[in-house]
Structures are given as structure tokens and as C-alpha cells.
Amino acid sequence: QVQLVESGGGLVQPGGSLKLSCAAHGFIFGYSEAASWYRQAPGKERELVASISADGSTTNYAGAVRGRFTISRDNGISTVYLQMNSLKPEDTAVYFCKVVRWNGDLWGQGTQVAVSS
């Protein structure tokens with residue numbers, strides 16, 4: 001079954017760090033598939049957090065996370081990461097990864113991140 005599986009979410013105090021992973025199951029990341037992380041907070045629309053090109057050479061970030069979050073990927077193990085540092089309560093959301101495949105976008109099921117003291 002072709003799917004993306006996120007992990008690494010949890011509860012963390014403000015100022016803490018988490019690293020999210022998004023692993024491909026049932027297919028292998030090629031060097032032609034861009035990937036992104038999105039998040040959706042309660043009552044809000046899903047928003048783009050960070051994106052990375054297929055070869056990992058180009059990254060982009062939402063203004064709210066730039067300088068705190070880092071997106072990366074390891075095509076050898078078909079995994080995309082999101083390193084989140086200096087977390088704030090407003091970073092609380094369900095985080096989703098997305099891969100742009102040849103036949104359309106593929107989304108993961110999401111992983112919950114909660115930032116609270």
C-alpha cells in the first residue's frame with residue numbers, strides 16, 4: 001500500500017525541540033518528487049510550513065517558522081524530516097507531510113504537536 005507515515009510528534013514545553021519524520025511506504029522517493037510539511041491548528045486552515053525540492057538543494061519556509069525549523073530529506077531511505085527548534089505555543093497543530101508524485105499529491109495521516117507548559 002502506497003502511503004506516507006509521519007512520526008515524532010508529542011508534547012513539548014515552549015522553547016523545546018522536536019524532529020518529525022515522514023517515511024514512504026510502498027514506494028521509493030525518486031529524485032523528481034518535491035516534498036512539504038503543512039500544519040493545521042484547531043479551527044484554522046491547513047498552512048504550508050516548509051518545502052524542499054526533489055534533490056534537497058532548495059528549501060522554503062513560512063515566515064512564522066523561518067530560522068527555527070529546518071526541512072531535510074534522505075532519498076536513500078525515502079524519508080523527509082522537519083527539525084523544529086524554539087517551539088512556541090502557536091506551533092501547536094497537526095503536522096502533515098506531502099509528496100508530489102507523478103499521479104498527484106500524496107498526504108500522510110498527520111502527527112500531533114502540542115507546545116505547552
# chains A, B, ... in the order shown; residues from 1 in each chain; ligands from 1
>>> residues_around(residues="stretch 13-21 of chain A", least_positions_apart="3", cutoff="8 Å", atoms="only C-alpha atoms", output="number ranges by chain")
A: 5-10, 79-89, 115-117
>>> select_by_dssp(residues="stretch 9-97 of chain A", states="helix (DSSP H, G or I)", output="PDB file with all heavy atoms, in the first residue's frame")
ATOM      1  N   ASN A  75      16.822  10.731   0.501  1.00  0.00           N
ATOM      2  CA  ASN A  75      16.190   9.937  -0.554  1.00  0.00           C
ATOM      3  C   ASN A  75      16.613   8.472  -0.488  1.00  0.00           C
ATOM      4  O   ASN A  75      15.896   7.595  -0.965  1.00  0.00           O
ATOM      5  CB  ASN A  75      16.508  10.526  -1.926  1.00  0.00           C
ATOM      6  CG  ASN A  75      15.724  11.798  -2.196  1.00  0.00           C
ATOM      7  OD1 ASN A  75      14.745  12.105  -1.519  1.00  0.00           O
ATOM      8  ND2 ASN A  75      16.168  12.565  -3.180  1.00  0.00           N
ATOM      9  N   GLY A  76      17.759   8.212   0.111  1.00  0.00           N
ATOM     10  CA  GLY A  76      18.222   6.833   0.218  1.00  0.00           C
ATOM     11  C   GLY A  76      17.313   5.967   1.073  1.00  0.00           C
ATOM     12  O   GLY A  76      17.225   4.750   0.852  1.00  0.00           O
ATOM     13  N   ILE A  77      16.627   6.588   2.034  1.00  0.00           N
ATOM     14  CA  ILE A  77      15.678   5.841   2.865  1.00  0.00           C
ATOM     15  C   ILE A  77      14.267   6.416   2.740  1.00  0.00           C
ATOM     16  O   ILE A  77      13.395   6.147   3.565  1.00  0.00           O
ATOM     17  CB  ILE A  77      16.103   5.813   4.351  1.00  0.00           C
ATOM     18  CG1 ILE A  77      16.282   7.226   4.911  1.00  0.00           C
ATOM     19  CG2 ILE A  77      17.385   5.009   4.514  1.00  0.00           C
ATOM     20  CD1 ILE A  77      16.503   7.257   6.412  1.00  0.00           C
ATOM     21  N   PRO A  89       3.922  28.096  21.717  1.00  0.00           N
ATOM     22  CA  PRO A  89       2.552  27.566  21.815  1.00  0.00           C
ATOM     23  C   PRO A  89       1.786  27.673  20.497  1.00  0.00           C
ATOM     24  O   PRO A  89       0.970  26.795  20.188  1.00  0.00           O
ATOM     25  CB  PRO A  89       1.931  28.443  22.908  1.00  0.00           C
ATOM     26  CG  PRO A  89       3.084  28.811  23.781  1.00  0.00           C
ATOM     27  CD  PRO A  89       4.238  29.017  22.828  1.00  0.00           C
ATOM     28  N   GLU A  90       2.058  28.697  19.731  1.00  0.00           N
ATOM     29  CA  GLU A  90       1.350  28.862  18.454  1.00  0.00           C
ATOM     30  C   GLU A  90       1.794  27.861  17.387  1.00  0.00           C
ATOM     31  O   GLU A  90       1.209  27.815  16.301  1.00  0.00           O
ATOM     32  CB  GLU A  90       1.508  30.288  17.923  1.00  0.00           C
ATOM     33  CG  GLU A  90       2.926  30.782  17.845  1.00  0.00           C
ATOM     34  CD  GLU A  90       3.307  31.622  19.068  1.00  0.00           C
ATOM     35  OE1 GLU A  90       2.962  31.218  20.213  1.00  0.00           O
ATOM     36  OE2 GLU A  90       3.970  32.673  18.879  1.00  0.00           O
ATOM     37  N   ASP A  91       2.801  27.053  17.678  1.00  0.00           N
ATOM     38  CA  ASP A  91       3.191  25.975  16.766  1.00  0.00           C
ATOM     39  C   ASP A  91       2.335  24.724  16.975  1.00  0.00           C
ATOM     40  O   ASP A  91       2.454  23.758  16.215  1.00  0.00           O
ATOM     41  CB  ASP A  91       4.662  25.602  16.953  1.00  0.00           C
ATOM     42  CG  ASP A  91       5.608  26.725  16.579  1.00  0.00           C
ATOM     43  OD1 ASP A  91       5.366  27.385  15.538  1.00  0.00           O
ATOM     44  OD2 ASP A  91       6.582  26.949  17.316  1.00  0.00           O
TER      45      ASP A  91
END
>>> residues_around(residues="A:Val49", least_positions_apart="6", cutoff="7 Å", atoms="only C-alpha atoms", output="PyMOL selection string")
chain A and resi 37-39+61-62
>>> atom_distance(atom1="atom CA of A:Val65", atom2="atom CA of A:Leu48")
10.4 Å
>>> residues_around(residues="stretch 94-98 of chain A", least_positions_apart="6", cutoff="8 Å", atoms="only C-alpha atoms", output="PyMOL selection string")
chain A and resi 4+6+22+35-41+105-113
>>> write_last_selection(atoms="C-alpha atoms", output="short mmCIF file (atom, residue, chain, number, x, y, z; two decimals), in the first residue's frame")
data_model
loop_
_atom_site.label_atom_id
_atom_site.label_comp_id
_atom_site.auth_asym_id
_atom_site.auth_seq_id
_atom_site.Cartn_x
_atom_site.Cartn_y
_atom_site.Cartn_z
CA LEU A 4 3.31 8.32 3.94
CA GLU A 6 4.60 10.64 9.96
CA CYS A 22 7.81 11.25 7.18
CA ALA A 35 8.01 17.32 -0.51
CA SER A 36 6.43 19.65 2.01
CA TRP A 37 5.27 19.90 5.59
CA TYR A 38 1.94 21.50 6.41
CA ARG A 39 0.17 22.08 9.68
CA GLN A 40 -3.39 22.62 10.79
CA ALA A 41 -4.32 24.12 14.12
CA ASP A 105 -0.26 14.64 -4.27
CA LEU A 106 0.15 12.05 -1.54
CA TRP A 107 -0.56 13.07 2.08
CA GLY A 108 0.31 11.45 5.35
CA GLN A 109 -2.17 10.97 8.18
CA GLY A 110 -0.61 13.65 10.39
CA THR A 111 1.17 13.77 13.72
CA GLN A 112 0.11 15.94 16.65
CA VAL A 113 2.47 18.55 18.08
#
